[in-house]
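Here's the structure we're looking at; comments come further down.
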Amino acid sequence: MLLKSLVFLVLTTLLVAGCGGGSADNATGVSKLAQSQKCMDASCHAGSVSPGTGALIVQEWLNSTHNTNNGAGCADCHEPHPGHPESCAKCHGGGSGVATQNPDASRKCDKCHGLSHPNDIQVRLAPQHFGNMTASINNSTYRASYLSSNYVGNCRKCHNPHDPTTAMSANAEWAESGHGNVLSGARTRYEFKTRGSYEPVNLTFQYYCVRCHTSTGYIQFVTSGFSDLKPFAGPGYAVVQNYPVKVAPGAAQPADAPSPDKTKEVTACNVCHDNGAGRAYNWATRAVPAYRGYYNFSSSNSSPTVKLNNKVTVYPDLSDSNVCIPCHSGRGLGSMIYDAQAAGMDFSNTSTPGAHDRAAATLIFRTGGYEFIGRNYVPARFLHGKIGVANEHGTGNAGPCATCHMKTPTPHDFQPVVKDSTGTITSIASTACAHCHTGDPLQLTPAVLQTKKEGYAAAIAMLNVLKTDSTLPANPLNPSRSKVRPLANKNSDYNAAFPGGGANTMGAFFNASLLQNEPCAFAHTPQYTKRLIYDSIDWLNNGVLDNDVEAAINNATLAVNSSTGKVSLSNPIMGGNYIAAQAPGVAYAAAFAKVKADAINWLLGGPGGGRP
């Protein structure tokens with residue numbers, strides 16, 4: 001909230017103050033507009049066109065606060081030599097004719113903005129621009145920043161150099177989104193720029209975090225045919241690579257070697273915007289081809305070590321939404337468990353593929369979940385994957401991601417709904433929903449959507465409960481009494497609960513991780529999500545797919561943590577606890593009963609319901 005407030009203050013101040021917090025007129029008292037008038041004459045630059053936007057540069061500058069608040073004129077940035085231009089020099093030479101053609105690259109913005117100007121509004125009110133240089137955060141050496149090394153002298157990657165003003169509302173929205181969050185662990189937890197690979201994308205088992213956790217890495221990846229995963233560093237810094245290494249059983253991976261480049265990147269404007277010539281500030285969507293991804297996995301400390309790679313997964317061509325898919329398609333698929341089984345995986349002593357976070361595309365296009373053999377996962381009616389494709393139901397042609405998340409009054413916060421401070425949905429912002437969800441039984445209201453969200457959270461919570469067994473003996477390695485037994489070598493025994501059923505148990509755990517790290521799955525792909533949860537609970541209850549999910553939920557008990565002697569139940573989607581940690585007793589019975597009822601109502605349609 002503090003960061004959001006700072007962003008608001010910065011952007012508000014930018015609209016009422018000029019360059020550097022308000023530059024004064026020059027010593028003669030002549031305004032920046034008057035100083036720039038000759039540059040804007042018809043015989044000079046009146047017809048000059050921006051290489052980024054195609055608009056007249058003069059008009060863009062006139063629109064900006066550099067003009068309207070008397071902040072900076074043409075000469076302040078372009079710094080022409082004295083006598084520029086002499087009229088004779090236009091034809092005969094002899095005059096100066098020299099001006100700085102790219103003030104941004106020449107660091108002319110630094111004349112008013114930056115750390116050398118302590119009264120600059122960006123320094124005083126926007127530490128997110130320079131956060132890695134001015135402050136640190138808990139559990140991280142440096143916070144991320146807008147002005148990371150590769151963005152020094154590149155303000156135009158996020159700002160129109162001639163009119164940085166009129167896009168401020170979009171900048172403010174972006175700053176409040178996860179893409180612009182400089183404090184998020186997705187930016188700060190590791191030196192993500194070092195977590196890349198020089199190996200072929202289809203074969204590597206090294207880290208490839210760089211492709212989604214940094215702007216530079218993403219752009220390298222999508223402009224190289226989804227092949228460039230190399231680590232990087234800013235200009236003048238040596239590149240450091242970190243990657244997983246073989247360690248003794250039970251040992252941890254060594255800490256990442258630090259990069260000499262201490263800056264960490266957010267997902268900047270030029271990730272999504274590029275005019276095809278490397279310029280972002282005309283706000284054209286970057287052209288990205290349909291995503292072709294490789295999900296590679298190597299089990300660790302296992303015998304045999306199972307290695308899965310060189311198997312491509314192809315996503316449909318989704319126009320503007322192609323920008324989103326490479327980072328929202330996860331790092332693992334449920335089908336990899338079947339591939340591992342075919343490769344001889346020892347499910348009694350192994351690691352497991354993981355889906356990672358926010359893998360919405362794998363659910364919408366049914367590539368992601370672990371699908372139990374013999375069960376049908378094709379939704380009876382489902383059009384979300386066709387939203388924004390060939391104008392389906394009048395939704396246009398931008399693909400499902402851009403259509404649902406950006407057809408709103410505030411498109412750059414990427415939120416299709418509005419929530420209050422408690423996380424409760426108060427309104428539906430996206431105009432896409434109404435193309436289909438009108439009239440019973442499809443009508444969507446904020447209350448209906450909130451009820452679905454609460455039911456989804458309860459169902460995931462009950463899936464997490466069924467992953468444990470209160471009758472298991474206490475074990476220091478297994479204080480939550482998980483049905484998957486942790487082993488001392490940091491692998492796990494997936495055959496422990498149901499001998500011979502390790503693949504299905506791993507699949508149920510995979511689904512739980514995939515879904516609770518995709519908090520909007522209830523809206524993205526409702527029936528597919530319900531079936532993954534239903535079948536996972538069904539299996540974890542007794543090792544048989546016998547449709548006893550309602551009974552499994554009703555009969556579930558909370559396992560006692562063998563370390564604390566307490567029971568608890570967290571809300572995996574909305575945060576906080578359904579049941580705070582407490583000694584076993586009757587106090588939590590009512591709360592637990594409501595969680596069970598909400599899960600049954602959402603998952604089965606109510607008591608007595610069947611598989612969704």
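Convention: chains lettered A, B, ... in structure tokens order; per-chain residue numbering from 1; ligands numbered from 1 as shown.
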
So that I can check the surroundings of A:Asn296, please list as a PyMOL selection string every protein, DNA and RNA residue that reaches within 12 Å of it, counting only C-alpha atoms and ignoring chain neighbours fewer than 5 positions away. chain A and resi 200-208+306-313+330-333+335-337+339-340+352-355

Write out, as a PDB file, in the first residue's frame, the residues just selected, with C-alpha atoms.
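Wrote it out as selection_7.pdb, contents follow:
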```pdb
ATOM      1  CA  PRO A 200      19.708 -25.493 -26.176  1.00  0.00           C
ATOM      2  CA  VAL A 201      16.260 -24.672 -24.835  1.00  0.00           C
ATOM      3  CA  ASN A 202      14.877 -28.110 -25.734  1.00  0.00           C
ATOM      4  CA  LEU A 203      17.634 -29.980 -23.887  1.00  0.00           C
ATOM      5  CA  THR A 204      18.747 -27.923 -20.908  1.00  0.00           C
ATOM      6  CA  PHE A 205      18.142 -28.852 -17.280  1.00  0.00           C
ATOM      7  CA  GLN A 206      19.723 -25.630 -16.072  1.00  0.00           C
ATOM      8  CA  TYR A 207      17.816 -22.641 -14.720  1.00  0.00           C
ATOM      9  CA  TYR A 208      15.848 -20.538 -17.152  1.00  0.00           C
ATOM     10  CA  VAL A 306      14.818 -39.715 -14.993  1.00  0.00           C
ATOM     11  CA  LYS A 307      15.392 -36.990 -17.562  1.00  0.00           C
ATOM     12  CA  LEU A 308      12.572 -35.558 -19.642  1.00  0.00           C
ATOM     13  CA  ASN A 309      13.281 -33.088 -22.425  1.00  0.00           C
ATOM     14  CA  ASN A 310      13.031 -32.387 -26.155  1.00  0.00           C
ATOM     15  CA  LYS A 311       9.231 -32.639 -26.165  1.00  0.00           C
ATOM     16  CA  VAL A 312       7.526 -29.516 -27.439  1.00  0.00           C
ATOM     17  CA  THR A 313       4.126 -28.222 -26.340  1.00  0.00           C
ATOM     18  CA  GLY A 330       4.226 -22.804 -16.133  1.00  0.00           C
ATOM     19  CA  ARG A 331       7.368 -24.898 -15.880  1.00  0.00           C
ATOM     20  CA  GLY A 332       5.822 -28.356 -15.689  1.00  0.00           C
ATOM     21  CA  LEU A 333       2.842 -30.326 -16.950  1.00  0.00           C
ATOM     22  CA  SER A 335       1.518 -35.331 -18.387  1.00  0.00           C
ATOM     23  CA  MET A 336       5.226 -35.327 -17.513  1.00  0.00           C
ATOM     24  CA  ILE A 337       4.409 -37.712 -14.663  1.00  0.00           C
ATOM     25  CA  ASP A 339       6.382 -39.689 -19.202  1.00  0.00           C
ATOM     26  CA  ALA A 340       8.455 -40.187 -16.049  1.00  0.00           C
ATOM     27  CA  THR A 352       8.851 -34.275  -8.930  1.00  0.00           C
ATOM     28  CA  PRO A 353       8.041 -31.870 -11.767  1.00  0.00           C
ATOM     29  CA  GLY A 354       6.450 -28.643 -10.606  1.00  0.00           C
ATOM     30  CA  ALA A 355       3.989 -26.369 -12.370  1.00  0.00           C
TER      31      ALA A 355
END
```

Residues flagged alpha helix (DSSP H) by DSSP in stretch 243-478 of chain A, as JSON, numbers by chain: {"A": [269, 270, 271, 272, 335, 336, 337, 338, 339, 340, 341, 342, 360, 361, 362, 363, 364, 399, 400, 401, 402, 403, 404, 405, 406, 446, 447, 448, 449, 450, 451, 452, 453, 454, 455, 456, 457, 458, 459, 460, 461, 462, 463, 464, 465, 466]}

Let's have the selection written as a compact mmCIF listing (two decimals), in the first residue's frame, with N, CA and C atoms.
```txt
# COMPACT_ATOMS: atom_id res chain seq x y z
N CYS A 269 7.65 -1.74 -19.64
CA CYS A 269 6.73 -1.45 -20.74
C CYS A 269 7.16 -2.10 -22.06
N ASN A 270 8.48 -2.11 -22.31
CA ASN A 270 8.94 -2.62 -23.61
C ASN A 270 8.89 -4.13 -23.69
N VAL A 271 8.53 -4.81 -22.62
CA VAL A 271 8.25 -6.24 -22.72
C VAL A 271 7.03 -6.47 -23.60
N CYS A 272 5.98 -5.73 -23.35
CA CYS A 272 4.73 -5.92 -24.08
C CYS A 272 4.59 -5.01 -25.29
N SER A 335 1.21 -34.20 -17.51
CA SER A 335 1.52 -35.33 -18.39
C SER A 335 2.96 -35.79 -18.24
N MET A 336 3.83 -34.93 -17.71
CA MET A 336 5.23 -35.33 -17.51
C MET A 336 5.34 -36.48 -16.51
N ILE A 337 4.38 -36.61 -15.63
CA ILE A 337 4.41 -37.71 -14.66
C ILE A 337 4.23 -39.04 -15.37
N TYR A 338 3.36 -39.08 -16.37
CA TYR A 338 3.23 -40.31 -17.17
C TYR A 338 4.50 -40.58 -17.96
N ASP A 339 5.11 -39.51 -18.48
CA ASP A 339 6.38 -39.69 -19.20
C ASP A 339 7.46 -40.22 -18.26
N ALA A 340 7.48 -39.71 -17.03
CA ALA A 340 8.46 -40.19 -16.05
C ALA A 340 8.20 -41.64 -15.68
N GLN A 341 6.95 -42.00 -15.56
CA GLN A 341 6.60 -43.39 -15.26
C GLN A 341 7.08 -44.31 -16.38
N ALA A 342 6.88 -43.90 -17.61
CA ALA A 342 7.33 -44.69 -18.75
C ALA A 342 8.84 -44.79 -18.80
N ALA A 360 -1.89 -19.99 -16.00
CA ALA A 360 -3.26 -19.94 -16.49
C ALA A 360 -3.41 -20.60 -17.85
N ALA A 361 -2.43 -20.41 -18.73
CA ALA A 361 -2.55 -20.94 -20.09
C ALA A 361 -2.64 -22.46 -20.10
N THR A 362 -1.95 -23.12 -19.16
CA THR A 362 -1.98 -24.58 -19.15
C THR A 362 -3.35 -25.10 -18.74
N LEU A 363 -4.13 -24.28 -18.05
CA LEU A 363 -5.48 -24.70 -17.67
C LEU A 363 -6.48 -24.36 -18.76
N ILE A 364 -6.38 -23.15 -19.30
CA ILE A 364 -7.32 -22.75 -20.35
C ILE A 364 -7.22 -23.68 -21.56
N GLY A 399 -7.11 -12.13 -28.53
CA GLY A 399 -6.85 -13.32 -27.73
C GLY A 399 -7.44 -13.20 -26.33
N PRO A 400 -7.53 -14.32 -25.62
CA PRO A 400 -8.25 -14.31 -24.33
C PRO A 400 -7.58 -13.48 -23.24
N CYS A 401 -6.25 -13.49 -23.16
CA CYS A 401 -5.58 -12.78 -22.07
C CYS A 401 -5.81 -11.28 -22.17
N ALA A 402 -5.48 -10.71 -23.32
CA ALA A 402 -5.62 -9.27 -23.50
C ALA A 402 -7.08 -8.84 -23.48
N THR A 403 -7.96 -9.67 -24.01
CA THR A 403 -9.37 -9.30 -24.07
C THR A 403 -10.00 -9.26 -22.69
N CYS A 404 -9.74 -10.25 -21.87
CA CYS A 404 -10.36 -10.30 -20.55
C CYS A 404 -9.69 -9.37 -19.56
N HIS A 405 -8.37 -9.25 -19.63
CA HIS A 405 -7.64 -8.51 -18.60
C HIS A 405 -7.39 -7.06 -18.96
N MET A 406 -7.63 -6.68 -20.21
CA MET A 406 -7.29 -5.30 -20.60
C MET A 406 -8.45 -4.54 -21.22
N PRO A 446 -20.88 -9.57 -9.29
CA PRO A 446 -19.77 -9.64 -8.33
C PRO A 446 -20.02 -10.65 -7.22
N ALA A 447 -21.26 -10.71 -6.73
CA ALA A 447 -21.57 -11.64 -5.65
C ALA A 447 -21.45 -13.08 -6.11
N VAL A 448 -21.92 -13.37 -7.32
CA VAL A 448 -21.80 -14.73 -7.85
C VAL A 448 -20.33 -15.11 -8.01
N LEU A 449 -19.55 -14.19 -8.56
CA LEU A 449 -18.13 -14.48 -8.78
C LEU A 449 -17.40 -14.65 -7.44
N GLN A 450 -17.74 -13.84 -6.46
CA GLN A 450 -17.11 -13.98 -5.15
C GLN A 450 -17.46 -15.32 -4.50
N THR A 451 -18.70 -15.76 -4.67
CA THR A 451 -19.09 -17.07 -4.14
C THR A 451 -18.30 -18.19 -4.80
N LYS A 452 -18.09 -18.08 -6.10
CA LYS A 452 -17.29 -19.08 -6.81
C LYS A 452 -15.85 -19.07 -6.29
N LYS A 453 -15.32 -17.88 -6.08
CA LYS A 453 -13.95 -17.76 -5.57
C LYS A 453 -13.83 -18.41 -4.20
N GLU A 454 -14.80 -18.16 -3.33
CA GLU A 454 -14.77 -18.74 -1.99
C GLU A 454 -14.92 -20.27 -2.06
N GLY A 455 -15.76 -20.75 -2.96
CA GLY A 455 -15.91 -22.20 -3.11
C GLY A 455 -14.64 -22.85 -3.63
N TYR A 456 -13.99 -22.18 -4.57
CA TYR A 456 -12.71 -22.69 -5.09
C TYR A 456 -11.66 -22.75 -4.00
N ALA A 457 -11.58 -21.69 -3.20
CA ALA A 457 -10.61 -21.67 -2.10
C ALA A 457 -10.89 -22.80 -1.12
N ALA A 458 -12.16 -23.02 -0.81
CA ALA A 458 -12.51 -24.09 0.12
C ALA A 458 -12.18 -25.46 -0.45
N ALA A 459 -12.41 -25.64 -1.74
CA ALA A 459 -12.12 -26.94 -2.37
C ALA A 459 -10.62 -27.22 -2.36
N ILE A 460 -9.81 -26.20 -2.65
CA ILE A 460 -8.36 -26.39 -2.60
C ILE A 460 -7.92 -26.66 -1.17
N ALA A 461 -8.53 -25.97 -0.20
CA ALA A 461 -8.20 -26.22 1.20
C ALA A 461 -8.49 -27.67 1.58
N MET A 462 -9.62 -28.19 1.12
CA MET A 462 -9.96 -29.58 1.44
C MET A 462 -9.04 -30.55 0.70
N LEU A 463 -8.62 -30.21 -0.50
CA LEU A 463 -7.63 -31.04 -1.18
C LEU A 463 -6.34 -31.08 -0.36
N ASN A 464 -5.95 -29.95 0.19
CA ASN A 464 -4.75 -29.93 1.03
C ASN A 464 -4.94 -30.76 2.29
N VAL A 465 -6.15 -30.75 2.85
CA VAL A 465 -6.43 -31.58 4.03
C VAL A 465 -6.30 -33.05 3.68
N LEU A 466 -6.84 -33.43 2.53
CA LEU A 466 -6.79 -34.84 2.12
C LEU A 466 -5.39 -35.28 1.73
```

Which is closer to A:Leu540 than all the others in A:Ser482, A:Ser513, A:Asn577, A:Asn491, using only C-alpha atoms?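 Counting only C-alpha atoms, the residue closest to A:Leu540 is A:Ser482.
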
Each residue of stretch 148-185 of chain A lying at most 10 Å from stretch 106-111 of chain A should get a row with its shortest atom-to-atom pair and the distance in Å to one decimal, counting only C-alpha atoms; could you produce that, ordered by chain and increasing number, as JSON lines?
```
{"residue": "A:Val152", "atom": "CA", "partner": "A:Arg107", "partner_atom": "CA", "distance": 8.0}
{"residue": "A:Gly153", "atom": "CA", "partner": "A:Arg107", "partner_atom": "CA", "distance": 5.4}
{"residue": "A:Asn154", "atom": "CA", "partner": "A:Arg107", "partner_atom": "CA", "distance": 8.6}
{"residue": "A:Cys155", "atom": "CA", "partner": "A:Cys109", "partner_atom": "CA", "distance": 8.2}
{"residue": "A:Pro161", "atom": "CA", "partner": "A:Cys109", "partner_atom": "CA", "distance": 9.4}
```

Can you tell me which residues surround stretch 211-227 of chain A at a distance of at most 8 Å, considering only C-alpha atoms, apart from same-chain residues fewer than 2 positions away, and format the answer as a list in words? Asn150, Ala186, Arg187, Phe192, Lys193, Gly196, Pro200, Val201, Tyr208, Cys209, Leu229, Lys230, Pro231, Phe232, Lys264, Glu265, Val266, Thr267, Ala268, Asn270, Val271, Val288, Pro289, Tyr291, Arg292, Gly293, Pro326 and Cys327 of chain A

So, counting only C-alpha atoms, which residue among A:Lys246, A:His129, A:His117, A:His384 is closest to A:Gly180?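 Checking each of A:Lys246, A:His129, A:His117, A:His384 against A:Gly180, counting only C-alpha atoms, the winner is A:His129.
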
For A:Thr350, list every protein, DNA or RNA residue within 6 Å, evaluated using only C-alpha atoms, and leave out those in the same chain fewer than 2 positions away; present the list as a list in words. Ser302, Phe347, Asn491 and Ser492 of chain A

I need the residues of stretch 201-431 of chain A that end up classed as strand (DSSP E) by DSSP on the backbone, written out as an NGL selection string. :A and (292-294 or 297-298 or 307-308 or 312-314 or 417-419 or 425-428)

Store the residues picked out above, limited to all heavy atoms, as a compact mmCIF listing (two decimals), in the first residue's frame.
```
# COMPACT_ATOMS: atom_id res chain seq x y z
N ARG A 292 5.82 -21.99 -28.47
CA ARG A 292 6.24 -23.38 -28.51
C ARG A 292 7.20 -23.59 -27.35
O ARG A 292 8.30 -23.06 -27.34
CB ARG A 292 6.93 -23.72 -29.84
CG ARG A 292 6.04 -23.53 -31.07
CD ARG A 292 6.85 -23.64 -32.37
NE ARG A 292 7.56 -24.91 -32.46
CZ ARG A 292 7.05 -26.03 -32.94
NH1 ARG A 292 5.79 -26.04 -33.39
NH2 ARG A 292 7.76 -27.14 -33.00
N GLY A 293 6.76 -24.33 -26.33
CA GLY A 293 7.54 -24.42 -25.11
C GLY A 293 8.02 -25.83 -24.81
O GLY A 293 7.36 -26.82 -25.16
N TYR A 294 9.17 -25.92 -24.15
CA TYR A 294 9.74 -27.19 -23.71
C TYR A 294 9.70 -27.25 -22.19
O TYR A 294 10.13 -26.32 -21.51
CB TYR A 294 11.17 -27.36 -24.21
CG TYR A 294 11.26 -27.55 -25.70
CD1 TYR A 294 11.37 -26.44 -26.55
CD2 TYR A 294 11.21 -28.81 -26.27
CE1 TYR A 294 11.43 -26.61 -27.93
CE2 TYR A 294 11.26 -28.99 -27.65
CZ TYR A 294 11.38 -27.88 -28.47
OH TYR A 294 11.42 -28.05 -29.83
N PHE A 297 12.77 -31.75 -17.33
CA PHE A 297 12.83 -32.17 -15.92
C PHE A 297 13.89 -33.25 -15.76
O PHE A 297 13.99 -34.17 -16.57
CB PHE A 297 11.47 -32.71 -15.48
CG PHE A 297 11.51 -33.45 -14.17
CD1 PHE A 297 11.64 -32.75 -12.97
CD2 PHE A 297 11.42 -34.83 -14.12
CE1 PHE A 297 11.68 -33.43 -11.76
CE2 PHE A 297 11.46 -35.51 -12.92
CZ PHE A 297 11.58 -34.80 -11.73
N SER A 298 14.66 -33.11 -14.69
CA SER A 298 15.62 -34.14 -14.32
C SER A 298 15.46 -34.42 -12.84
O SER A 298 15.60 -33.51 -12.01
CB SER A 298 17.06 -33.69 -14.61
OG SER A 298 17.98 -34.66 -14.19
N LYS A 307 15.23 -38.27 -16.88
CA LYS A 307 15.39 -36.99 -17.56
C LYS A 307 14.36 -36.89 -18.68
O LYS A 307 14.26 -37.78 -19.53
CB LYS A 307 16.81 -36.86 -18.13
CG LYS A 307 17.87 -36.81 -17.03
CD LYS A 307 19.26 -36.55 -17.60
CE LYS A 307 20.27 -36.39 -16.47
NZ LYS A 307 21.62 -36.05 -16.98
N LEU A 308 13.61 -35.81 -18.63
CA LEU A 308 12.57 -35.56 -19.64
C LEU A 308 12.90 -34.25 -20.35
O LEU A 308 13.04 -33.20 -19.71
CB LEU A 308 11.19 -35.43 -18.98
CG LEU A 308 10.74 -36.56 -18.07
CD1 LEU A 308 9.40 -36.22 -17.42
CD2 LEU A 308 10.63 -37.88 -18.84
N VAL A 312 8.09 -30.85 -27.32
CA VAL A 312 7.53 -29.52 -27.44
C VAL A 312 6.03 -29.53 -27.15
O VAL A 312 5.33 -30.49 -27.45
CB VAL A 312 7.79 -28.93 -28.84
CG1 VAL A 312 6.99 -29.67 -29.92
CG2 VAL A 312 7.51 -27.43 -28.88
N THR A 313 5.56 -28.46 -26.53
CA THR A 313 4.13 -28.22 -26.34
C THR A 313 3.78 -26.95 -27.11
O THR A 313 4.41 -25.90 -26.91
CB THR A 313 3.78 -28.04 -24.85
OG1 THR A 313 4.10 -29.25 -24.15
CG2 THR A 313 2.30 -27.73 -24.67
N VAL A 314 2.81 -27.05 -27.98
CA VAL A 314 2.47 -25.95 -28.88
C VAL A 314 1.15 -25.33 -28.43
O VAL A 314 0.15 -26.03 -28.23
CB VAL A 314 2.36 -26.44 -30.33
CG1 VAL A 314 2.01 -25.27 -31.26
CG2 VAL A 314 3.66 -27.10 -30.78
N VAL A 417 -11.48 -7.66 -12.48
CA VAL A 417 -12.47 -7.35 -11.44
C VAL A 417 -11.87 -6.30 -10.50
O VAL A 417 -10.65 -6.10 -10.47
CB VAL A 417 -12.87 -8.60 -10.63
CG1 VAL A 417 -13.53 -9.63 -11.54
CG2 VAL A 417 -11.67 -9.20 -9.91
N VAL A 418 -12.74 -5.67 -9.74
CA VAL A 418 -12.32 -4.72 -8.71
C VAL A 418 -12.58 -5.36 -7.36
O VAL A 418 -13.64 -5.94 -7.13
CB VAL A 418 -13.11 -3.40 -8.83
CG1 VAL A 418 -12.72 -2.44 -7.71
CG2 VAL A 418 -12.85 -2.75 -10.19
N LYS A 419 -11.59 -5.28 -6.47
CA LYS A 419 -11.71 -5.86 -5.14
C LYS A 419 -11.52 -4.79 -4.07
O LYS A 419 -10.79 -3.82 -4.28
CB LYS A 419 -10.66 -6.97 -4.95
CG LYS A 419 -10.89 -8.17 -5.88
CD LYS A 419 -9.78 -9.20 -5.75
CE LYS A 419 -8.55 -8.78 -6.51
NZ LYS A 419 -7.53 -9.84 -6.58
N ILE A 425 -14.57 -9.33 -4.19
CA ILE A 425 -14.90 -8.78 -5.50
C ILE A 425 -16.11 -7.86 -5.37
O ILE A 425 -17.18 -8.27 -4.90
CB ILE A 425 -15.19 -9.91 -6.50
CG1 ILE A 425 -13.94 -10.77 -6.69
CG2 ILE A 425 -15.65 -9.35 -7.84
CD1 ILE A 425 -14.18 -12.06 -7.47
N THR A 426 -15.95 -6.61 -5.79
CA THR A 426 -17.03 -5.64 -5.66
C THR A 426 -17.64 -5.26 -7.01
O THR A 426 -18.78 -4.77 -7.05
CB THR A 426 -16.53 -4.36 -4.97
OG1 THR A 426 -15.43 -3.81 -5.73
CG2 THR A 426 -16.06 -4.67 -3.56
N SER A 427 -16.91 -5.45 -8.09
CA SER A 427 -17.47 -5.17 -9.42
C SER A 427 -16.66 -5.90 -10.47
O SER A 427 -15.52 -6.31 -10.22
CB SER A 427 -17.49 -3.67 -9.72
OG SER A 427 -16.17 -3.15 -9.78
N ILE A 428 -17.26 -6.09 -11.61
CA ILE A 428 -16.60 -6.73 -12.74
C ILE A 428 -16.21 -5.63 -13.72
O ILE A 428 -17.06 -4.95 -14.28
CB ILE A 428 -17.52 -7.77 -13.41
CG1 ILE A 428 -17.85 -8.87 -12.41
CG2 ILE A 428 -16.86 -8.35 -14.66
CD1 ILE A 428 -18.89 -9.86 -12.91
```

What's the separation between atom CA of A:Cys39 and atom CA of A:Pro80, in Å to one decimal place? 10.5 Å

Counting only C-alpha atoms, what is within 10 Å of A:Ile579, bar same-chain residues fewer than 6 positions away, as a CSV table (one decimal) with N, CA, C and O atoms, in the first residue's frame?
```csv
chain,number,residue,atom,x,y,z
A,567,VAL,N,-3.5,-28.0,15.4
A,567,VAL,CA,-4.1,-28.1,14.1
A,567,VAL,C,-4.3,-26.7,13.5
A,567,VAL,O,-4.4,-25.7,14.2
A,568,SER,N,-4.3,-26.6,12.2
A,568,SER,CA,-4.6,-25.3,11.5
A,568,SER,C,-5.1,-25.6,10.1
A,568,SER,O,-4.9,-26.7,9.6
A,569,LEU,N,-5.7,-24.6,9.5
A,569,LEU,CA,-6.1,-24.7,8.1
A,569,LEU,C,-6.0,-23.3,7.5
A,569,LEU,O,-6.7,-22.4,7.9
A,570,SER,N,-5.2,-23.2,6.5
A,570,SER,CA,-5.0,-21.9,5.8
A,570,SER,C,-5.9,-21.8,4.7
A,570,SER,O,-6.4,-22.8,4.1
A,571,ASN,N,-6.2,-20.5,4.2
A,571,ASN,CA,-6.9,-20.3,3.0
A,571,ASN,C,-5.9,-20.1,1.9
A,571,ASN,O,-5.2,-19.1,1.8
A,587,ALA,N,-13.5,-26.0,19.2
A,587,ALA,CA,-13.6,-24.5,18.9
A,587,ALA,C,-13.6,-24.3,17.4
A,587,ALA,O,-14.2,-23.4,16.9
A,588,TYR,N,-12.8,-25.2,16.7
A,588,TYR,CA,-12.7,-24.9,15.2
A,588,TYR,C,-13.8,-25.7,14.4
A,588,TYR,O,-13.9,-25.6,13.2
A,589,ALA,N,-14.7,-26.4,15.1
A,589,ALA,CA,-15.6,-27.3,14.4
A,589,ALA,C,-16.6,-26.5,13.4
A,589,ALA,O,-16.8,-26.9,12.3
A,590,ALA,N,-17.1,-25.4,13.9
A,590,ALA,CA,-18.0,-24.7,13.0
A,590,ALA,C,-17.3,-24.1,11.8
A,590,ALA,O,-17.9,-24.1,10.7
A,591,ALA,N,-16.1,-23.6,12.0
A,591,ALA,CA,-15.4,-23.0,10.9
A,591,ALA,C,-15.0,-24.1,9.9
A,591,ALA,O,-15.1,-23.9,8.7
A,592,PHE,N,-14.6,-25.3,10.4
A,592,PHE,CA,-14.3,-26.4,9.5
A,592,PHE,C,-15.5,-26.9,8.7
A,592,PHE,O,-15.4,-27.2,7.6
A,595,VAL,N,-16.1,-24.6,5.8
A,595,VAL,CA,-15.2,-24.9,4.7
A,595,VAL,C,-15.6,-26.1,3.9
A,595,VAL,O,-15.7,-26.1,2.7
```

Compare A:Val389, A:Leu383, A:Leu147, A:Val58 by their minimum atom-to-atom distance to A:Gly114, counting only C-alpha atoms, and give me the closest one. A:Leu147

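Minimum atom-to-atom distances from A:Pro572, A:Gly507, A:Gly250, A:Gly73 to A:Pro486 were compared using only C-alpha atoms, and the lowest value belongs to A:Gly250.
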